[in-house]
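For reference, target.tsv is printed below; it contains TSV, N, CA and C atoms.
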chain	number	residue	atom	x	y	z
A	1	MET	N	201.49	-96.53	25.14
A	1	MET	CA	200.78	-95.37	25.63
A	1	MET	C	199.29	-95.58	25.45
A	2	THR	N	198.54	-95.34	26.46
A	2	THR	CA	197.10	-95.50	26.42
A	2	THR	C	196.45	-94.19	25.97
A	3	HIS	N	195.53	-94.31	25.02
A	3	HIS	CA	194.81	-93.14	24.52
A	3	HIS	C	193.39	-93.17	25.07
A	4	TYR	N	192.82	-91.97	25.28
A	4	TYR	CA	191.46	-91.85	25.79
A	4	TYR	C	190.65	-90.98	24.86
A	5	CYS	N	189.37	-91.28	24.73
A	5	CYS	CA	188.46	-90.49	23.90
A	5	CYS	C	188.30	-89.10	24.53
A	6	PRO	N	188.50	-88.03	23.75
A	6	PRO	CA	188.37	-86.68	24.30
A	6	PRO	C	186.93	-86.33	24.67
A	7	LYS	N	185.95	-87.02	24.09
A	7	LYS	CA	184.54	-86.72	24.35
A	7	LYS	C	184.00	-87.45	25.58
A	8	CYS	N	184.25	-88.79	25.64
A	8	CYS	CA	183.63	-89.58	26.71
A	8	CYS	C	184.64	-90.09	27.75
A	9	GLY	N	185.94	-89.98	27.48
A	9	GLY	CA	186.95	-90.39	28.44
A	9	GLY	C	187.25	-91.88	28.47
A	10	GLN	N	186.60	-92.65	27.59
A	10	GLN	CA	186.82	-94.09	27.55
A	10	GLN	C	188.18	-94.41	26.92
A	11	ARG	N	188.81	-95.48	27.39
A	11	ARG	CA	190.08	-95.91	26.83
A	11	ARG	C	189.88	-96.35	25.39
A	12	VAL	N	190.77	-95.92	24.51
A	12	VAL	CA	190.67	-96.22	23.08
A	12	VAL	C	191.70	-97.27	22.72
A	13	LEU	N	191.23	-98.37	22.17
A	13	LEU	CA	192.11	-99.44	21.72
A	13	LEU	C	192.02	-99.50	20.20
A	14	LEU	N	193.01	-98.94	19.53
A	14	LEU	CA	193.03	-98.89	18.07
A	14	LEU	C	193.83	-100.05	17.52
A	15	ARG	N	193.25	-100.75	16.57
A	15	ARG	CA	193.93	-101.80	15.82
A	15	ARG	C	193.66	-101.53	14.35
A	16	TYR	N	194.71	-101.22	13.59
A	16	TYR	CA	194.57	-100.86	12.18
A	16	TYR	C	193.58	-99.72	12.00
A	17	GLY	N	193.54	-98.80	12.94
A	17	GLY	CA	192.66	-97.64	12.85
A	17	GLY	C	191.22	-97.90	13.27
A	18	VAL	N	190.94	-99.08	13.82
A	18	VAL	CA	189.60	-99.46	14.23
A	18	VAL	C	189.55	-99.53	15.75
A	19	HIS	N	188.51	-98.95	16.34
A	19	HIS	CA	188.33	-98.98	17.80
A	19	HIS	C	187.75	-100.33	18.21
A	20	LEU	N	188.39	-101.00	19.16
A	20	LEU	CA	187.92	-102.29	19.66
A	20	LEU	C	187.75	-102.23	21.18
A	21	SER	N	186.84	-103.07	21.68
A	21	SER	CA	186.69	-103.21	23.13
A	21	SER	C	187.93	-103.94	23.67
A	22	PRO	N	188.18	-103.90	24.97
A	22	PRO	CA	189.36	-104.60	25.51
A	22	PRO	C	189.38	-106.09	25.18
A	23	ARG	N	188.25	-106.78	25.30
A	23	ARG	CA	188.21	-108.22	24.98
A	23	ARG	C	188.47	-108.47	23.51
A	24	ARG	N	187.84	-107.68	22.65
A	24	ARG	CA	188.05	-107.86	21.21
A	24	ARG	C	189.47	-107.50	20.81
A	25	ALA	N	190.05	-106.52	21.45
A	25	ALA	CA	191.45	-106.17	21.16
A	25	ALA	C	192.38	-107.31	21.56
A	26	ASP	N	192.10	-107.96	22.69
A	26	ASP	CA	192.91	-109.10	23.11
A	26	ASP	C	192.80	-110.25	22.12
A	27	ILE	N	191.58	-110.56	21.69
A	27	ILE	CA	191.38	-111.64	20.70
A	27	ILE	C	192.09	-111.29	19.41
A	28	PHE	N	191.95	-110.04	18.95
A	28	PHE	CA	192.60	-109.60	17.72
A	28	PHE	C	194.12	-109.73	17.83
A	29	ASP	N	194.68	-109.31	18.96
A	29	ASP	CA	196.14	-109.38	19.14
A	29	ASP	C	196.65	-110.82	19.08
A	30	VAL	N	195.93	-111.74	19.72
A	30	VAL	CA	196.33	-113.15	19.70
A	30	VAL	C	196.30	-113.69	18.27
A	31	ILE	N	195.23	-113.40	17.54
A	31	ILE	CA	195.11	-113.89	16.16
A	31	ILE	C	196.17	-113.26	15.27
A	32	ARG	N	196.41	-111.96	15.44
A	32	ARG	CA	197.42	-111.28	14.60
A	32	ARG	C	198.82	-111.86	14.83
A	33	ARG	N	199.17	-112.13	16.11
A	33	ARG	CA	200.48	-112.74	16.39
A	33	ARG	C	200.58	-114.15	15.83
A	34	ALA	N	199.50	-114.91	15.93
A	34	ALA	CA	199.51	-116.30	15.46
A	34	ALA	C	199.51	-116.40	13.93
A	35	THR	N	199.06	-115.34	13.25
A	35	THR	CA	199.01	-115.35	11.78
A	35	THR	C	200.40	-115.55	11.19
A	36	LYS	N	201.42	-115.04	11.85
A	36	LYS	CA	202.79	-115.20	11.36
A	36	LYS	C	203.20	-116.67	11.32
A	37	HIS	N	202.53	-117.50	12.12
A	37	HIS	CA	202.88	-118.92	12.23
A	37	HIS	C	201.80	-119.82	11.64
A	38	GLY	N	200.93	-119.27	10.79
A	38	GLY	CA	199.91	-120.06	10.14
A	38	GLY	C	198.54	-119.97	10.77
A	39	GLY	N	198.40	-119.32	11.90
A	39	GLY	CA	197.10	-119.15	12.54
A	39	GLY	C	197.06	-119.80	13.91
A	40	ILE	N	195.89	-119.69	14.54
A	40	ILE	CA	195.68	-120.28	15.85
A	40	ILE	C	194.42	-121.13	15.80
A	41	ARG	N	194.48	-122.29	16.43
A	41	ARG	CA	193.33	-123.19	16.42
A	41	ARG	C	192.17	-122.58	17.19
A	42	SER	N	190.98	-122.85	16.69
A	42	SER	CA	189.79	-122.30	17.33
A	42	SER	C	189.60	-122.83	18.75
A	43	ASP	N	189.95	-124.09	18.99
A	43	ASP	CA	189.79	-124.62	20.34
A	43	ASP	C	190.78	-123.99	21.32
A	44	THR	N	191.94	-123.57	20.82
A	44	THR	CA	192.90	-122.86	21.67
A	44	THR	C	192.34	-121.50	22.06
A	45	LEU	N	191.76	-120.79	21.09
A	45	LEU	CA	191.14	-119.49	21.39
A	45	LEU	C	189.98	-119.65	22.36
A	46	GLU	N	189.17	-120.69	22.18
A	46	GLU	CA	188.05	-120.93	23.09
A	46	GLU	C	188.54	-121.22	24.50
A	47	GLY	N	189.67	-121.88	24.61
A	47	GLY	CA	190.24	-122.14	25.93
A	47	GLY	C	190.72	-120.87	26.61
A	48	MET	N	191.18	-119.91	25.81
A	48	MET	CA	191.68	-118.66	26.36
A	48	MET	C	190.57	-117.68	26.70
A	49	PHE	N	189.53	-117.62	25.86
A	49	PHE	CA	188.52	-116.56	25.99
A	49	PHE	C	187.11	-117.06	26.29
A	50	GLY	N	186.91	-118.35	26.34
A	50	GLY	CA	185.59	-118.90	26.65
A	50	GLY	C	184.92	-119.49	25.43
A	51	LYS	N	184.33	-120.65	25.64
A	51	LYS	CA	183.69	-121.35	24.54
A	51	LYS	C	182.44	-120.60	24.09
A	52	GLY	N	182.26	-120.50	22.81
A	52	GLY	CA	181.08	-119.85	22.25
A	52	GLY	C	181.20	-118.35	22.06
A	53	THR	N	182.14	-117.71	22.71
A	53	THR	CA	182.25	-116.26	22.57
A	53	THR	C	183.20	-115.86	21.45
A	54	VAL	N	184.11	-116.73	21.08
A	54	VAL	CA	185.12	-116.37	20.09
A	54	VAL	C	184.47	-116.08	18.73
A	55	LYS	N	183.56	-116.93	18.29
A	55	LYS	CA	182.93	-116.73	16.99
A	55	LYS	C	182.19	-115.40	16.93
A	56	VAL	N	181.50	-115.07	18.00
A	56	VAL	CA	180.75	-113.82	18.05
A	56	VAL	C	181.69	-112.62	18.00
A	57	HIS	N	182.76	-112.66	18.79
A	57	HIS	CA	183.71	-111.55	18.79
A	57	HIS	C	184.42	-111.43	17.45
A	58	VAL	N	184.80	-112.54	16.85
A	58	VAL	CA	185.48	-112.50	15.54
A	58	VAL	C	184.53	-111.92	14.50
A	59	SER	N	183.27	-112.29	14.55
A	59	SER	CA	182.29	-111.74	13.62
A	59	SER	C	182.18	-110.23	13.78
A	60	ASP	N	182.11	-109.76	15.01
A	60	ASP	CA	182.03	-108.32	15.27
A	60	ASP	C	183.31	-107.60	14.86
A	61	ILE	N	184.46	-108.21	15.11
A	61	ILE	CA	185.74	-107.62	14.69
A	61	ILE	C	185.78	-107.51	13.17
A	62	ASN	N	185.31	-108.55	12.47
A	62	ASN	CA	185.31	-108.53	11.00
A	62	ASN	C	184.44	-107.42	10.45
A	63	LYS	N	183.31	-107.15	11.09
A	63	LYS	CA	182.44	-106.05	10.63
A	63	LYS	C	183.18	-104.72	10.67
A	64	LEU	N	184.05	-104.56	11.66
A	64	LEU	CA	184.81	-103.33	11.78
A	64	LEU	C	186.04	-103.32	10.87
A	65	LEU	N	186.71	-104.46	10.73
A	65	LEU	CA	187.95	-104.52	9.96
A	65	LEU	C	187.74	-104.39	8.45
A	66	THR	N	186.57	-104.76	7.95
A	66	THR	CA	186.36	-104.69	6.50
A	66	THR	C	186.50	-103.26	5.98
A	67	SER	N	186.25	-102.27	6.83
A	67	SER	CA	186.37	-100.89	6.39
A	67	SER	C	187.82	-100.49	6.10
A	68	VAL	N	188.77	-101.22	6.66
A	68	VAL	CA	190.18	-100.90	6.46
A	68	VAL	C	190.89	-101.96	5.62
A	69	GLY	N	190.13	-102.91	5.07
A	69	GLY	CA	190.72	-103.86	4.14
A	69	GLY	C	191.32	-105.11	4.76
A	70	TYR	N	190.87	-105.52	5.94
A	70	TYR	CA	191.36	-106.73	6.59
A	70	TYR	C	190.17	-107.58	7.04
A	71	ALA	N	190.44	-108.86	7.26
A	71	ALA	CA	189.41	-109.77	7.78
A	71	ALA	C	190.10	-110.90	8.53
A	72	ILE	N	189.41	-111.47	9.48
A	72	ILE	CA	189.87	-112.67	10.17
A	72	ILE	C	189.10	-113.83	9.56
A	73	ILE	N	189.83	-114.80	9.05
A	73	ILE	CA	189.18	-115.96	8.45
A	73	ILE	C	189.49	-117.20	9.28
A	74	CYS	N	188.62	-118.17	9.17
A	74	CYS	CA	188.82	-119.45	9.84
A	74	CYS	C	188.89	-120.51	8.75
A	75	SER	N	190.08	-120.98	8.46
A	75	SER	CA	190.25	-122.00	7.43
A	75	SER	C	190.23	-123.38	8.08
A	76	ARG	N	189.49	-124.27	7.51
A	76	ARG	CA	189.34	-125.62	8.04
A	76	ARG	C	190.36	-126.55	7.39
A	77	THR	N	190.79	-127.52	8.16
A	77	THR	CA	191.78	-128.48	7.66
A	77	THR	C	191.24	-129.91	7.75
A	78	GLY	N	190.00	-130.11	7.32
A	78	GLY	CA	189.42	-131.43	7.30
A	78	GLY	C	188.79	-131.88	8.60
A	79	CYS	N	188.77	-131.04	9.60
A	79	CYS	CA	188.15	-131.40	10.88
A	79	CYS	C	187.16	-130.30	11.26
A	80	ALA	N	186.45	-130.49	12.33
A	80	ALA	CA	185.46	-129.50	12.75
A	80	ALA	C	186.11	-128.20	13.20
A	81	ARG	N	187.32	-128.26	13.70
A	81	ARG	CA	188.02	-127.06	14.17
A	81	ARG	C	188.85	-126.47	13.04
A	82	GLY	N	189.08	-125.17	13.12
A	82	GLY	CA	189.87	-124.51	12.09
A	82	GLY	C	190.93	-123.63	12.68
A	83	PHE	N	191.63	-122.93	11.81
A	83	PHE	CA	192.69	-122.02	12.21
A	83	PHE	C	192.26	-120.60	11.86
A	84	TYR	N	192.24	-119.72	12.86
A	84	TYR	CA	191.94	-118.31	12.64
A	84	TYR	C	193.22	-117.59	12.25
A	85	ARG	N	193.09	-116.72	11.22
A	85	ARG	CA	194.23	-115.89	10.84
A	85	ARG	C	193.74	-114.60	10.21
A	86	LEU	N	194.58	-113.60	10.24
A	86	LEU	CA	194.28	-112.27	9.72
A	86	LEU	C	194.75	-112.19	8.27
A	87	VAL	N	193.88	-111.73	7.37
A	87	VAL	CA	194.24	-111.60	5.96
A	87	VAL	C	193.83	-110.23	5.45
A	88	LYS	N	194.51	-109.80	4.40
A	88	LYS	CA	194.16	-108.54	3.73
A	88	LYS	C	193.13	-108.87	2.66
A	89	ILE	N	192.07	-108.06	2.59
A	89	ILE	CA	191.05	-108.26	1.57
A	89	ILE	C	191.18	-107.19	0.50
A	90	ARG	N	190.56	-107.43	-0.63
A	90	ARG	CA	190.76	-106.53	-1.77
A	90	ARG	C	190.14	-105.16	-1.61
A	91	LYS	N	188.84	-105.10	-1.40
A	91	LYS	CA	188.14	-103.81	-1.39
A	91	LYS	C	187.59	-103.51	-0.01
A	92	PRO	N	188.10	-102.48	0.64
A	92	PRO	CA	187.47	-102.07	1.91
A	92	PRO	C	186.14	-101.38	1.65
A	93	LEU	N	185.19	-101.54	2.57
A	93	LEU	CA	183.90	-100.86	2.47
A	93	LEU	C	184.05	-99.43	2.97
A	94	LYS	N	183.17	-98.57	2.48
A	94	LYS	CA	183.18	-97.19	2.92
A	94	LYS	C	182.56	-97.08	4.30
A	95	GLU	N	183.13	-96.28	5.16
A	95	GLU	CA	182.66	-96.14	6.53
A	95	GLU	C	182.16	-94.73	6.77
A	96	THR	N	181.03	-94.64	7.45
A	96	THR	CA	180.53	-93.33	7.88
A	96	THR	C	180.25	-93.40	9.37
A	97	ARG	N	180.37	-92.28	10.05
A	97	ARG	CA	180.09	-92.21	11.48
A	97	ARG	C	179.03	-91.15	11.73
A	98	HIS	N	178.11	-91.46	12.65
A	98	HIS	CA	177.08	-90.49	12.99
A	98	HIS	C	177.64	-89.42	13.93
A	99	HIS	N	178.52	-89.80	14.85
A	99	HIS	CA	179.25	-88.86	15.69
A	99	HIS	C	180.53	-89.53	16.16
A	100	GLU	N	181.41	-88.82	16.82
A	100	GLU	CA	182.75	-89.29	17.12
A	100	GLU	C	182.81	-90.56	17.95
A	101	CYS	N	181.91	-90.74	18.89
A	101	CYS	CA	181.95	-91.91	19.78
A	101	CYS	C	181.13	-93.08	19.25
A	102	ALA	N	180.47	-92.91	18.13
A	102	ALA	CA	179.59	-93.96	17.61
A	102	ALA	C	180.38	-95.02	16.87
A	103	ARG	N	179.80	-96.21	16.81
A	103	ARG	CA	180.39	-97.27	16.02
A	103	ARG	C	180.21	-96.94	14.54
A	104	PRO	N	181.10	-97.44	13.70
A	104	PRO	CA	180.98	-97.15	12.27
A	104	PRO	C	179.75	-97.82	11.67
A	105	VAL	N	179.17	-97.17	10.67
A	105	VAL	CA	178.07	-97.71	9.90
A	105	VAL	C	178.58	-97.87	8.49
A	106	PHE	N	178.43	-99.05	7.91
A	106	PHE	CA	178.99	-99.31	6.58
A	106	PHE	C	177.96	-99.05	5.51
A	107	ALA	N	178.38	-98.32	4.48
A	107	ALA	CA	177.47	-97.99	3.38
A	107	ALA	C	177.71	-98.93	2.21

Using structure tokens, write down the structure from this file.
Amino acid sequence: MTHYCPKCGQRVLLRYGVHLSPRRADIFDVIRRATKHGGIRSDTLEGMFGKGTVKVHVSDINKLLTSVGYAIICSRTGCARGFYRLVKIRKPLKETRHHECARPVFA
């Protein structure tokens, strides 16, 4: 079921309670599914979503996920490429919002 923001009408893509853009939600879904199998190679993600954009999107996703106690990490296995996977982190940061449609600001 697709949810829409009652204020602006934009489609809402919630992952672990965090609002993501459609592209970021797709990247998150691929990494979350691959985590069950040890992760997904960075070059595979770049082939799916475009070279150079994956790191930026993962960084932005991580800024949002830390508020709920999760992070996407890239563990290296002795080569330049690594495996992205979703992990639970110990302490989530506190999140505040300026208004309902705004991105979270971390304190």

Between A:Tyr84, A:Pro22, A:Ser75, A:Pro6, which is the closest to Thr44 in chain A once you count only C-alpha atoms?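 Nearest candidate to Thr44 in chain A out of A:Tyr84, A:Pro22, A:Ser75, A:Pro6: A:Tyr84.
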
With all atoms listed in the file as the basis for distance, which of A:Arg90, A:Val54, A:Val30, A:Leu45 is at the shortest distance from Tyr70 in chain A?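 Counting all atoms listed in the file, the residue closest to Tyr70 in chain A is A:Arg90.
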
Atom pair CA of Lys55 in chain A / CA of Gln10 in chain A: separation (Å):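 Here the two named atoms are 25.3 Å from each other.
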
Kindly give the distance, in Å, that separates atom C of Gly52 in chain A and CA of Arg85 in chain A, rounded to a single decimal.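 It comes out at 17.4 Å.
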
If you run DSSP on the backbone here, which positions in range 51-93 of chain A get helix (DSSP H, G or I)? Please write them as a PyMOL selection string. chain A and resi 53-68

Interatomic distance between atom C of His57 in chain A and atom N of Asp43 in chain A?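 Result for atom C of His57 in chain A versus atom N of Asp43 in chain A: 13.9 Å, one decimal.
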